[in-house]
Number of protein chains: 4
Amino acid sequence: MSVSRYTYLGPEGTFTEAALRTLPEAATRELVPMVSVPAALDAVRAGEAAAALVPIENSVEGGVTTTLDELAAGEPLMIYREVLLPIAFALLVRPGTQMADVKTVTGHPVAQPQVRKWLAAHLPEAVWESAASNADGARLVQEGRYDGAFAGEFAAATYGLEPLVTDIHDAQNAATRFVLAGRPARPAARTGADKTSVVLWLREDHPGALLELLQEYAARGVSMMRIESRPTGEGIGRYCFSVDCEGHLTDRRVGEVLMALKRVCREVRFLGSYPRADQVRPNVRPDTVDAAFTDAADWLTRCLDGRA
Amino acid sequence: MSVSRYTYLGPEGTFTEAALRTLPEAATRELVPMVSVPAALDAVRAGEAAAALVPIENSVEGGVTTTLDELAAGEPLMIYREVLLPIAFALLVRPGTQMADVKTVTGHPVAQPQVRKWLAAHLPEAVWESAASNADGARLVQEGRYDGAFAGEFAAATYGLEPLVTDIHDAQNAATRFVLAGRPARPAARTGADKTSVVLWLREDHPGALLELLQEYAARGVSMMRIESRPTGEGIGRYCFSVDCEGHLTDRRVGEVLMALKRVCREVRFLGSYPRADQVRPNVRPDTVDAAFTDAADWLTRCLDGRA
Amino acid sequence: MSVSRYTYLGPEGTFTEAALRTLPEAATRELVPMVSVPAALDAVRAGEAAAALVPIENSVEGGVTTTLDELAAGEPLMIYREVLLPIAFALLVRPGTQMADVKTVTGHPVAQPQVRKWLAAHLPEAVWESAASNADGARLVQEGRYDGAFAGEFAAATYGLEPLVTDIHDAQNAATRFVLAGRPARPAARTGADKTSVVLWLREDHPGALLELLQEYAARGVSMMRIESRPTGEGIGRYCFSVDCEGHLTDRRVGEVLMALKRVCREVRFLGSYPRADQVRPNVRPDTVDAAFTDAADWLTRCLDGRA
Amino acid sequence: MSVSRYTYLGPEGTFTEAALRTLPEAATRELVPMVSVPAALDAVRAGEAAAALVPIENSVEGGVTTTLDELAAGEPLMIYREVLLPIAFALLVRPGTQMADVKTVTGHPVAQPQVRKWLAAHLPEAVWESAASNADGARLVQEGRYDGAFAGEFAAATYGLEPLVTDIHDAQNAATRFVLAGRPARPAARTGADKTSVVLWLREDHPGALLELLQEYAARGVSMMRIESRPTGEGIGRYCFSVDCEGHLTDRRVGEVLMALKRVCREVRFLGSYPRADQVRPNVRPDTVDAAFTDAADWLTRCLDGRA
């Protein structure tokens, strides 16, 4: 495996590259843009890259289903890290362009709902046409096909453009979450502000099974942070669940939840424990701190020995 | 409102049109293809069409997020009916083309994962390129740009093509679910094999709120058939839930669940009760049949009157 | 029925009579002591008394099983009121007796564990012998059989004795709870600080049934205040449950709980809604106040009418 | 400690003695009747006896609260075994007495509700007076004070009486459950048909705590066989819970429940794992057999090692 290479969802100049560059180790890696999420991840599976950065969730558009499905199926991968990137577009123009000159704009289709209100307020007459990616949009402005492109401010230099307006985003707190995925390995050390991801397949013969899963988390005071259903491909009405919770595999409360899920589910795929990008530390109930589990195990041993 | 017009996700010759034509009333309606799901639904909101047929879920690709989000936001719409269409592609070719002649194929990007195995087995050398829609692919074959197009068999006639192979689908039981959405109205009469759809926003100050929602269903023996989380647009980690359950609004067990959800949730949007496309009648627990609720209410009245 | 007569668990001079005399209406009633709880209650069933005051629970001894079983079986009765009487014994002696003179003491067997520590501390040499009731003990002191009797201070005058020490009770907060039971009637008006009592028989074919019952309370934010299992008489392992919860039958959250129990249980016996003796008003969750239920019902009606 | 001595709730000739004699080892022990349950258990605590047999539950009368409270408080004891004795009274008379001669009968007060219907049917004119114990009743018949005594048939020989009628019991399946309690020790080996007993004190600051306890059992498929609330002595409304469940401490599902209870409860007292008297083996869900727990733990280890 080439430990010096990271792939990412390309092309260059997109938000994924910007997210990747927030990682300290990115400075010392060869960063290779790929045409698709599967391509980025398959390079990792094939040993051609050490890890791949791909988007997994967008606060406006929702889960990136390709990423979710790729992580759930095929040869196992593991999430090493997550990166949270605020969504903020710049309106990139050719040098010298003024607001009054902008008659046509472009960008990735996903960008459009995120700048719609801004457009209505500031460029109500401008005509939108979609581009294949935000970076492609910038290129088309460079070529003179459009007057402005919505893209990351960081893309301006690459295409010889200037940001006419920055920090454009209709929704407050809009962000995209990316994950750095690699081959299965010992999880990163616990930081105290961690997240654990799994994919769960319910037993078919079990109607209240989803409720039971959630109770396994709740009974141990482990907060679920995201749950997303995905079709298993076996027909309408058949789903698996992609779930993130707070905590690290080595937190006893989380380890106990995982073991319970393993028993109760048809299949569990462990996708990793890794530091939370927001660095928020959870409030842990007194009865679910590690010492509570250790004390209970000690007590059980004493009961077995007749010394309780 | 034009009661004689139904819109649908176009263009002509797609699976959505085929799904629409399975409805008896389609024969007497003007069927208008629209360029997008929002366009099809906005025509209904604007009173220009009586209803719109749009895809909502695919057993391979998952939820159609545009449809889910359109139904969850904006001016309320209601689901009148659902249509389940098995996914089965035909390989459409110009008359006279043989298998050996097929070097290039096309189709909607969504079609590709659903015929990938078939291609590997039967046309391992064929090159795939994506088209904007399955119907567009057929047109491109007509124009001679590709040798074959994966599309619905029904599209052959429209484009002067012939189905060389039919009933192609990698996954067993693959199907797409469509909904016919209109403006809010009195729900269709209960058939005994019904489905009820809602969108739920949890209270923010309530960590175990999702678990509580599921318990409201479970406590009344109402099976959840689909649950899908969608971002609320308020930032990463903020979701609403799109939920289908068995049963009709006028089933007492379902009405009680809805009222409980209304109390417990920040917001509930009722999306309709309508006949199940699969016509499966649920097994109802003896303690949750209508009579059980009626008897309990009668008994409570007797308690209040001192006659229990 | 003799509306002017109340029966109670006798004999005269016991705590039950003291509890009965705390009720304002006791002053205008004929108060008739009975030899047993069944006798006191059967007089009500036979129409010979308007109501009976009997002990139901003691904070040291637990539930008074005779009362629980009598209320659960036979012709229905209803709890009209509850009375809470702090347990505090006086050491009653013949006039002139000093502490140093007290060599032998008596009282009801139930009293003994409640004064044991006091005896050990203040009269470590005194010999205890049980009497049939606390009042009987007082009588035996009057007759010179014992030097002191533990009884209610109020019993002193009846037997020509003097309280040598008062307010004796080993446990802090020790109290006995009594109920005034009559024939089924319209429950007392809601005061805002109420209690509702039922007896529940689970369905036999339902292992997790007890858990389900508790969930019906919890889902509606209704706090359970007491749960007591009692044998049904059908064999070891067969129980019914006597349950008190906060709230009044006319509180929507309580009415909903009762209807759910009625559906889920094999049998429910409503024992009444009545003012709490401690006058504590519950904290009601915002989603379970009456208005939340009314709003939800209104909303359901609007859904049915196509106006939601 | 005298390993050769067992105490029991006396006097001789009661059902407790009969229950004790069903134990094989009773033949080689010195069996010592004691005047009360506390006396029988305190002899064990003091090291004067190896174990004590005391009644704990009666299918007609319910829990024997003295036994429950003695096991819950004071120096810990442990249940080694349980004995189930069908309740069947004999009417014991002096030799030569005929049915027509029986005008007065006696027995323990607890016996009376269990033979009431039989008396009404067969000796409607007979007058009942209570005795201090069933054995005492037999003695009083021997002395000529009554014509008949309801007692165990086995008591006849001791008092020179004859059983005139046998197998008298109003309720079907009526039985008393006894426990053999000793000092804490390594629990008896698992038989596959076992029972585990605990006493649980809830945390005060936790309203839904009882519900949570039951969920810990339910989540691991462990059936609760008995739950009994007992006052803690801290005031009305403060209870602990005496709970029996199926299974043995060394069953993984049971051990996991116990550890969870230990975490969640203010205090847990382990009262022992011992063979079920009814020898019924539980149906264990596939996800809660020992292997399911072992597999889950192995899998967690693999996850930690990066080999899942």
# chains A, B, ... in the order shown; residues from 1 in each chain; ligands from 1
>>> residues_around(residues="Arg29 in chain C", least_positions_apart="5", cutoff="7 Å", atoms="only C-alpha atoms", output="mmCIF file with N, CA and C atoms, in the first residue's frame")
data_model
loop_
_atom_site.group_PDB
_atom_site.id
_atom_site.type_symbol
_atom_site.label_atom_id
_atom_site.label_comp_id
_atom_site.auth_asym_id
_atom_site.auth_seq_id
_atom_site.Cartn_x
_atom_site.Cartn_y
_atom_site.Cartn_z
ATOM 1 N N SER C 4 -75.341 7.570 57.513
ATOM 2 C CA SER C 4 -74.773 8.213 58.693
ATOM 3 C C SER C 4 -73.740 7.330 59.387
ATOM 4 N N ARG C 5 -73.542 6.109 58.886
ATOM 5 C CA ARG C 5 -72.649 5.196 59.593
ATOM 6 C C ARG C 5 -71.367 4.903 58.808
ATOM 7 N N TYR C 6 -70.226 5.003 59.487
ATOM 8 C CA TYR C 6 -68.937 4.572 58.932
ATOM 9 C C TYR C 6 -68.416 3.434 59.796
#
>>> interface_residues(of="chain A", to="chain B", cutoff="9 Å", atoms="only C-alpha atoms", output="VMD selection string")
chain A and resid 57 to 63 65 to 66 84 171 to 177 207 to 208 210 to 211 214 to 215 218 223 to 239
>>> write_last_selection(atoms="C-alpha atoms", output="short mmCIF file (atom, residue, chain, number, x, y, z; two decimals), in the first residue's frame")
data_model
loop_
_atom_site.label_atom_id
_atom_site.label_comp_id
_atom_site.auth_asym_id
_atom_site.auth_seq_id
_atom_site.Cartn_x
_atom_site.Cartn_y
_atom_site.Cartn_z
CA GLU A 57 -23.39 13.89 4.92
CA ASN A 58 -24.58 17.35 4.10
CA SER A 59 -26.74 19.38 6.43
CA VAL A 60 -28.88 20.50 3.50
CA GLU A 61 -28.88 17.52 1.15
CA GLY A 62 -28.64 14.70 3.69
CA GLY A 63 -26.64 11.53 3.57
CA THR A 65 -25.88 7.60 -0.32
CA THR A 66 -23.03 6.43 -2.50
CA LEU A 84 -16.63 19.06 9.25
CA ALA A 171 -28.95 28.05 5.79
CA GLN A 172 -27.32 28.89 9.10
CA ASN A 173 -24.89 26.23 10.31
CA ALA A 174 -24.84 24.54 6.93
CA ALA A 175 -21.95 22.09 6.80
CA THR A 176 -20.70 19.02 5.03
CA ARG A 177 -19.23 16.11 6.90
CA PRO A 207 -40.94 -6.61 13.71
CA GLY A 208 -39.92 -4.43 16.70
CA LEU A 210 -35.44 -1.31 15.29
CA LEU A 211 -36.98 -0.29 18.60
CA LEU A 214 -32.42 1.97 19.97
CA GLN A 215 -33.11 0.61 23.46
CA ALA A 218 -30.60 4.17 25.45
CA SER A 223 -26.67 9.05 22.49
CA MET A 224 -27.37 8.27 18.88
CA MET A 225 -26.13 11.08 16.66
CA ARG A 226 -27.35 9.95 13.26
CA ILE A 227 -29.47 7.10 11.95
CA GLU A 228 -30.05 6.57 8.27
CA SER A 229 -31.96 3.76 6.62
CA ARG A 230 -30.67 2.32 3.36
CA PRO A 231 -32.22 -0.35 1.16
CA THR A 232 -30.52 -3.73 1.35
CA GLY A 233 -31.27 -4.34 -2.32
CA GLU A 234 -33.54 -7.26 -1.42
CA GLY A 235 -36.76 -5.45 -2.29
CA ILE A 236 -39.00 -2.61 -1.13
CA GLY A 237 -39.35 -2.66 2.65
CA ARG A 238 -35.93 -4.16 3.37
CA TYR A 239 -33.47 -1.79 5.01
#
>>> residues_around(residues="Tyr159 in chain B", least_positions_apart="4", cutoff="7 Å", atoms="only C-alpha atoms", output="VMD selection string")
chain B and resid 138 to 139 142 155
>>> write_last_selection(atoms="all heavy atoms", output="mmCIF file, in the first residue's frame")
data_model
loop_
_atom_site.group_PDB
_atom_site.id
_atom_site.type_symbol
_atom_site.label_atom_id
_atom_site.label_comp_id
_atom_site.auth_asym_id
_atom_site.auth_seq_id
_atom_site.Cartn_x
_atom_site.Cartn_y
_atom_site.Cartn_z
ATOM 1 N N ALA B 138 -32.908 5.903 -24.975
ATOM 2 C CA ALA B 138 -33.587 5.292 -26.120
ATOM 3 C C ALA B 138 -33.498 6.194 -27.339
ATOM 4 O O ALA B 138 -33.256 5.745 -28.469
ATOM 5 C CB ALA B 138 -35.051 5.012 -25.755
ATOM 6 N N ARG B 139 -33.683 7.488 -27.093
ATOM 7 C CA ARG B 139 -33.606 8.429 -28.203
ATOM 8 C C ARG B 139 -32.218 8.417 -28.852
ATOM 9 O O ARG B 139 -32.063 8.472 -30.074
ATOM 10 C CB ARG B 139 -33.939 9.840 -27.690
ATOM 11 C CG ARG B 139 -34.147 10.891 -28.779
ATOM 12 C CD ARG B 139 -34.560 12.223 -28.183
ATOM 13 N NE ARG B 139 -33.752 12.627 -27.037
ATOM 14 C CZ ARG B 139 -32.504 13.109 -27.105
ATOM 15 N NH1 ARG B 139 -31.935 13.256 -28.290
ATOM 16 N NH2 ARG B 139 -31.842 13.440 -26.014
ATOM 17 N N GLN B 142 -31.930 5.550 -31.055
ATOM 18 C CA GLN B 142 -32.663 5.864 -32.285
ATOM 19 C C GLN B 142 -31.784 6.684 -33.233
ATOM 20 O O GLN B 142 -31.737 6.440 -34.443
ATOM 21 C CB GLN B 142 -33.915 6.660 -31.901
ATOM 22 C CG GLN B 142 -34.862 6.972 -33.062
ATOM 23 C CD GLN B 142 -36.004 7.875 -32.612
ATOM 24 O OE1 GLN B 142 -35.823 8.683 -31.692
ATOM 25 N NE2 GLN B 142 -37.161 7.718 -33.244
ATOM 26 N N ALA B 155 -40.986 1.704 -23.734
ATOM 27 C CA ALA B 155 -40.408 2.857 -24.450
ATOM 28 C C ALA B 155 -40.034 2.511 -25.889
ATOM 29 O O ALA B 155 -39.729 3.408 -26.692
ATOM 30 C CB ALA B 155 -39.184 3.375 -23.698
#
>>> residues_around(residues="Asp251 in chain B", least_positions_apart="6", cutoff="9 Å", atoms="only C-alpha atoms", output="ChimeraX atom specification")
/B:190,192,289-290
>>> write_last_selection(atoms="N, CA and C atoms", output="PDB file, in the first residue's frame")
ATOM      1  N   ARG B 190     -60.864   3.677   3.902  1.00  0.00           N
ATOM      2  CA  ARG B 190     -60.081   2.550   4.405  1.00  0.00           C
ATOM      3  C   ARG B 190     -60.432   1.291   3.628  1.00  0.00           C
ATOM      4  N   GLY B 192     -58.643  -1.724   4.490  1.00  0.00           N
ATOM      5  CA  GLY B 192     -58.199  -2.862   5.290  1.00  0.00           C
ATOM      6  C   GLY B 192     -56.760  -3.221   5.000  1.00  0.00           C
ATOM      7  N   VAL B 289     -57.439  -3.984  17.964  1.00  0.00           N
ATOM      8  CA  VAL B 289     -58.511  -3.859  16.970  1.00  0.00           C
ATOM      9  C   VAL B 289     -59.415  -2.700  17.410  1.00  0.00           C
ATOM     10  N   ASP B 290     -60.199  -2.188  16.484  1.00  0.00           N
ATOM     11  CA  ASP B 290     -61.061  -1.046  16.796  1.00  0.00           C
ATOM     12  C   ASP B 290     -61.954  -1.300  18.004  1.00  0.00           C
TER      13      ASP B 290
END
>>> select_by_dssp(residues="range 62-173 of chain D", states="strand (DSSP E)", output="ChimeraX atom specification")
/D:62-63,78-86,89-93,104-107,127-130,148-151,162-168
>>> atom_distance(atom1="CA of Pro184 in chain C", atom2="CA of Ser273 in chain C")
11.3 Å
>>> select_by_dssp(residues="range 34-215 of chain B", states="helix (DSSP H, G or I)", output="PyMOL selection string")
chain B and resi 37-45+65-72+99-101+112-122+134-142+155-158+209-215
>>> atom_distance(atom1="CA of Asn283 in chain D", atom2="CA of Lys195 in chain D")
13.6 Å
>>> closest_residue(among="A:Met34, A:Leu140, A:Ile168, A:Asp147", to="Ala121 in chain A", atoms="only C-alpha atoms")
A:Ile168
>>> closest_residue(among="C:Tyr80, C:Trp128, C:Tyr146, C:Phe154", to="Arg186 in chain C", atoms="only C-alpha atoms")
C:Tyr80
>>> residues_around(residues="Leu92 in chain D", least_positions_apart="3", cutoff="6 Å", atoms="only C-alpha atoms", output="mmCIF file with all heavy atoms, in the first residue's frame")
data_model
loop_
_atom_site.group_PDB
_atom_site.id
_atom_site.type_symbol
_atom_site.label_atom_id
_atom_site.label_comp_id
_atom_site.auth_asym_id
_atom_site.auth_seq_id
_atom_site.Cartn_x
_atom_site.Cartn_y
_atom_site.Cartn_z
ATOM 1 N N GLY D 148 -62.117 -31.326 65.274
ATOM 2 C CA GLY D 148 -61.264 -31.576 64.108
ATOM 3 C C GLY D 148 -60.270 -30.456 63.906
ATOM 4 O O GLY D 148 -60.528 -29.317 64.294
ATOM 5 N N ALA D 149 -59.143 -30.807 63.308
ATOM 6 C CA ALA D 149 -58.119 -29.788 63.012
ATOM 7 C C ALA D 149 -57.711 -29.923 61.558
ATOM 8 O O ALA D 149 -57.510 -31.041 61.058
ATOM 9 C CB ALA D 149 -56.908 -29.960 63.919
ATOM 10 N N LEU D 161 -53.753 -38.755 66.093
ATOM 11 C CA LEU D 161 -55.031 -38.508 65.427
ATOM 12 C C LEU D 161 -55.118 -39.317 64.140
ATOM 13 O O LEU D 161 -54.159 -39.950 63.723
ATOM 14 C CB LEU D 161 -55.154 -37.008 65.098
ATOM 15 C CG LEU D 161 -55.061 -36.047 66.296
ATOM 16 C CD1 LEU D 161 -55.178 -34.602 65.822
ATOM 17 C CD2 LEU D 161 -56.140 -36.366 67.329
ATOM 18 N N GLU D 162 -56.306 -39.235 63.517
ATOM 19 C CA GLU D 162 -56.512 -39.925 62.239
ATOM 20 C C GLU D 162 -56.986 -38.922 61.201
ATOM 21 O O GLU D 162 -57.800 -38.049 61.526
ATOM 22 C CB GLU D 162 -57.581 -41.003 62.381
ATOM 23 C CG GLU D 162 -57.088 -42.227 63.115
ATOM 24 C CD GLU D 162 -58.163 -43.291 63.196
ATOM 25 O OE1 GLU D 162 -59.336 -42.988 62.857
ATOM 26 O OE2 GLU D 162 -57.836 -44.416 63.606
ATOM 27 N N PRO D 163 -56.538 -39.054 59.953
ATOM 28 C CA PRO D 163 -57.082 -38.193 58.895
ATOM 29 C C PRO D 163 -58.463 -38.695 58.471
ATOM 30 O O PRO D 163 -58.567 -39.784 57.920
ATOM 31 C CB PRO D 163 -56.059 -38.314 57.763
ATOM 32 C CG PRO D 163 -55.337 -39.595 58.017
ATOM 33 C CD PRO D 163 -55.449 -39.923 59.479
ATOM 34 N N LEU D 164 -59.486 -37.900 58.733
ATOM 35 C CA LEU D 164 -60.855 -38.298 58.368
ATOM 36 C C LEU D 164 -61.091 -38.010 56.877
ATOM 37 O O LEU D 164 -61.716 -38.784 56.170
ATOM 38 C CB LEU D 164 -61.861 -37.520 59.227
ATOM 39 C CG LEU D 164 -63.340 -37.869 59.078
ATOM 40 C CD1 LEU D 164 -63.598 -39.322 59.417
ATOM 41 C CD2 LEU D 164 -64.185 -36.963 59.987
#
>>> residues_around(residues="Met78 in chain B", least_positions_apart="4", cutoff="10 Å", atoms="only C-alpha atoms", output="PyMOL selection string")
(chain B and resi 51+71+179-187+197-198+269-274) or (chain C and resi 306)
>>> write_last_selection(atoms="all heavy atoms", output="compact mmCIF listing (two decimals), in the first residue's frame")
# COMPACT_ATOMS: atom_id res chain seq x y z
N ALA B 51 -53.10 16.21 -9.60
CA ALA B 51 -52.18 15.38 -8.85
C ALA B 51 -50.93 15.14 -9.67
O ALA B 51 -50.91 15.40 -10.89
CB ALA B 51 -52.82 14.03 -8.48
N LEU B 71 -42.17 16.89 -0.14
CA LEU B 71 -43.40 16.60 0.60
C LEU B 71 -43.31 17.11 2.04
O LEU B 71 -44.32 17.44 2.66
CB LEU B 71 -43.67 15.08 0.62
CG LEU B 71 -44.03 14.46 -0.73
CD1 LEU B 71 -44.19 12.95 -0.59
CD2 LEU B 71 -45.34 15.05 -1.27
N VAL B 179 -45.58 7.73 -5.70
CA VAL B 179 -46.78 8.21 -5.02
C VAL B 179 -47.49 9.22 -5.89
O VAL B 179 -46.87 10.01 -6.62
CB VAL B 179 -46.48 8.83 -3.64
CG1 VAL B 179 -46.01 7.77 -2.66
CG2 VAL B 179 -45.47 9.97 -3.74
N LEU B 180 -48.82 9.19 -5.80
CA LEU B 180 -49.65 10.17 -6.47
C LEU B 180 -50.01 11.21 -5.41
O LEU B 180 -50.71 10.91 -4.44
CB LEU B 180 -50.92 9.50 -7.01
CG LEU B 180 -51.84 10.43 -7.81
CD1 LEU B 180 -51.22 10.77 -9.17
CD2 LEU B 180 -53.22 9.80 -8.00
N ALA B 181 -49.46 12.42 -5.57
CA ALA B 181 -49.65 13.45 -4.55
C ALA B 181 -50.54 14.56 -5.06
O ALA B 181 -50.42 14.99 -6.21
CB ALA B 181 -48.29 14.03 -4.14
N GLY B 182 -51.45 14.99 -4.17
CA GLY B 182 -52.35 16.07 -4.53
C GLY B 182 -52.48 17.05 -3.38
O GLY B 182 -51.72 16.99 -2.41
N ARG B 183 -53.43 17.93 -3.49
CA ARG B 183 -53.61 18.89 -2.41
C ARG B 183 -54.36 18.22 -1.25
O ARG B 183 -55.08 17.24 -1.44
CB ARG B 183 -54.34 20.12 -2.95
CG ARG B 183 -53.48 20.76 -4.05
CD ARG B 183 -53.54 22.25 -4.04
NE ARG B 183 -54.82 22.69 -4.59
CZ ARG B 183 -55.04 23.96 -4.92
NH1 ARG B 183 -54.09 24.88 -4.74
NH2 ARG B 183 -56.20 24.32 -5.42
N PRO B 184 -54.18 18.72 -0.01
CA PRO B 184 -54.81 18.08 1.15
C PRO B 184 -56.30 17.89 0.93
O PRO B 184 -56.98 18.79 0.43
CB PRO B 184 -54.53 19.05 2.29
CG PRO B 184 -53.27 19.74 1.89
CD PRO B 184 -53.36 19.88 0.39
N ALA B 185 -56.77 16.72 1.30
CA ALA B 185 -58.17 16.38 1.10
C ALA B 185 -58.54 15.30 2.11
O ALA B 185 -57.68 14.78 2.82
CB ALA B 185 -58.39 15.86 -0.33
N ARG B 186 -59.81 14.99 2.16
CA ARG B 186 -60.26 13.88 2.99
C ARG B 186 -59.57 12.61 2.47
O ARG B 186 -59.61 12.34 1.27
CB ARG B 186 -61.77 13.77 2.83
CG ARG B 186 -62.52 13.17 3.96
CD ARG B 186 -64.01 13.25 3.67
NE ARG B 186 -64.54 14.60 3.91
CZ ARG B 186 -65.05 14.99 5.09
NH1 ARG B 186 -65.08 14.13 6.09
NH2 ARG B 186 -65.51 16.20 5.24
N PRO B 187 -58.92 11.83 3.36
CA PRO B 187 -58.19 10.66 2.87
C PRO B 187 -59.11 9.64 2.20
O PRO B 187 -60.31 9.59 2.50
CB PRO B 187 -57.59 10.05 4.15
CG PRO B 187 -57.56 11.17 5.14
CD PRO B 187 -58.73 12.05 4.80
N SER B 197 -48.67 7.80 6.11
CA SER B 197 -47.36 8.45 6.04
C SER B 197 -47.36 9.78 6.80
O SER B 197 -48.31 10.54 6.70
CB SER B 197 -46.98 8.73 4.58
OG SER B 197 -46.91 7.51 3.87
N VAL B 198 -46.27 10.01 7.51
CA VAL B 198 -46.11 11.28 8.23
C VAL B 198 -44.65 11.74 8.14
O VAL B 198 -43.76 10.95 7.84
CB VAL B 198 -46.46 11.14 9.73
CG1 VAL B 198 -47.95 10.91 9.94
CG2 VAL B 198 -45.64 10.03 10.37
N ARG B 269 -46.34 16.36 10.23
CA ARG B 269 -47.05 16.65 8.99
C ARG B 269 -47.69 15.35 8.51
O ARG B 269 -46.99 14.35 8.28
CB ARG B 269 -46.08 17.20 7.94
CG ARG B 269 -46.79 17.57 6.64
CD ARG B 269 -45.86 18.14 5.60
NE ARG B 269 -45.63 19.57 5.81
CZ ARG B 269 -45.46 20.44 4.81
NH1 ARG B 269 -45.49 20.05 3.56
NH2 ARG B 269 -45.23 21.71 5.06
N PHE B 270 -49.00 15.37 8.41
CA PHE B 270 -49.73 14.20 7.95
C PHE B 270 -49.69 14.16 6.43
O PHE B 270 -50.11 15.11 5.77
CB PHE B 270 -51.18 14.29 8.43
CG PHE B 270 -52.08 13.22 7.89
CD1 PHE B 270 -51.87 11.88 8.20
CD2 PHE B 270 -53.14 13.55 7.05
CE1 PHE B 270 -52.71 10.89 7.69
CE2 PHE B 270 -53.98 12.57 6.55
CZ PHE B 270 -53.76 11.24 6.86
N LEU B 271 -49.16 13.06 5.88
CA LEU B 271 -49.02 12.96 4.42
C LEU B 271 -50.06 12.07 3.77
O LEU B 271 -50.04 11.88 2.57
CB LEU B 271 -47.62 12.45 4.06
CG LEU B 271 -46.46 13.40 4.27
CD1 LEU B 271 -45.19 12.76 3.72
CD2 LEU B 271 -46.70 14.74 3.60
N GLY B 272 -50.96 11.50 4.58
CA GLY B 272 -52.02 10.74 3.96
C GLY B 272 -52.12 9.29 4.38
O GLY B 272 -51.16 8.69 4.87
N SER B 273 -53.34 8.76 4.23
CA SER B 273 -53.62 7.32 4.38
C SER B 273 -54.14 6.87 3.02
O SER B 273 -55.01 7.54 2.44
CB SER B 273 -54.70 7.10 5.44
OG SER B 273 -54.21 7.29 6.73
N TYR B 274 -53.63 5.76 2.56
CA TYR B 274 -53.96 5.34 1.19
C TYR B 274 -53.77 3.84 1.07
O TYR B 274 -53.10 3.21 1.89
CB TYR B 274 -53.08 6.09 0.18
CG TYR B 274 -51.62 6.11 0.57
CD1 TYR B 274 -50.75 5.12 0.13
CD2 TYR B 274 -51.11 7.10 1.41
CE1 TYR B 274 -49.42 5.12 0.51
CE2 TYR B 274 -49.78 7.11 1.79
CZ TYR B 274 -48.94 6.11 1.34
OH TYR B 274 -47.63 6.10 1.73
N GLY C 306 -59.30 16.59 5.88
CA GLY C 306 -58.47 17.13 4.82
C GLY C 306 -58.06 18.57 5.05
O GLY C 306 -57.76 19.30 4.12
>>> residues_around(residues="Ala43 in chain D", least_positions_apart="3", cutoff="10 Å", atoms="only C-alpha atoms", output="list in words")
Met1, Arg5, Tyr6, Thr7, Tyr8, Met34, Pro38, Ala39, Ala40, Ala46, Gly47, Glu48, Ala49, Ala50, Ala51, Ala52 and Gly182 of chain D
>>> atom_distance(atom1="CA of Pro109 in chain B", atom2="CA of Glu129 in chain B")
8.5 Å
>>> decode(residues="range 45-49 of chain D", atoms="N, CA, C and O atoms", output="mmCIF file, in the first residue's frame")
data_model
loop_
_atom_site.group_PDB
_atom_site.id
_atom_site.type_symbol
_atom_site.label_atom_id
_atom_site.label_comp_id
_atom_site.auth_asym_id
_atom_site.auth_seq_id
_atom_site.Cartn_x
_atom_site.Cartn_y
_atom_site.Cartn_z
ATOM 1 N N ARG D 45 -27.289 -17.142 60.951
ATOM 2 C CA ARG D 45 -26.354 -16.011 61.003
ATOM 3 C C ARG D 45 -25.355 -16.183 62.150
ATOM 4 O O ARG D 45 -24.191 -15.813 62.033
ATOM 5 N N ALA D 46 -25.837 -16.753 63.250
ATOM 6 C CA ALA D 46 -24.981 -16.902 64.424
ATOM 7 C C ALA D 46 -24.070 -18.118 64.307
ATOM 8 O O ALA D 46 -23.268 -18.386 65.202
ATOM 9 N N GLY D 47 -24.203 -18.865 63.229
ATOM 10 C CA GLY D 47 -23.335 -20.024 63.067
ATOM 11 C C GLY D 47 -23.810 -21.250 63.843
ATOM 12 O O GLY D 47 -23.104 -22.244 63.949
ATOM 13 N N GLU D 48 -25.037 -21.190 64.359
ATOM 14 C CA GLU D 48 -25.541 -22.321 65.140
ATOM 15 C C GLU D 48 -26.234 -23.347 64.261
ATOM 16 O O GLU D 48 -26.603 -24.428 64.726
ATOM 17 N N ALA D 49 -26.472 -23.001 62.995
ATOM 18 C CA ALA D 49 -27.093 -23.947 62.065
ATOM 19 C C ALA D 49 -26.522 -23.699 60.677
ATOM 20 O O ALA D 49 -26.078 -22.584 60.372
#
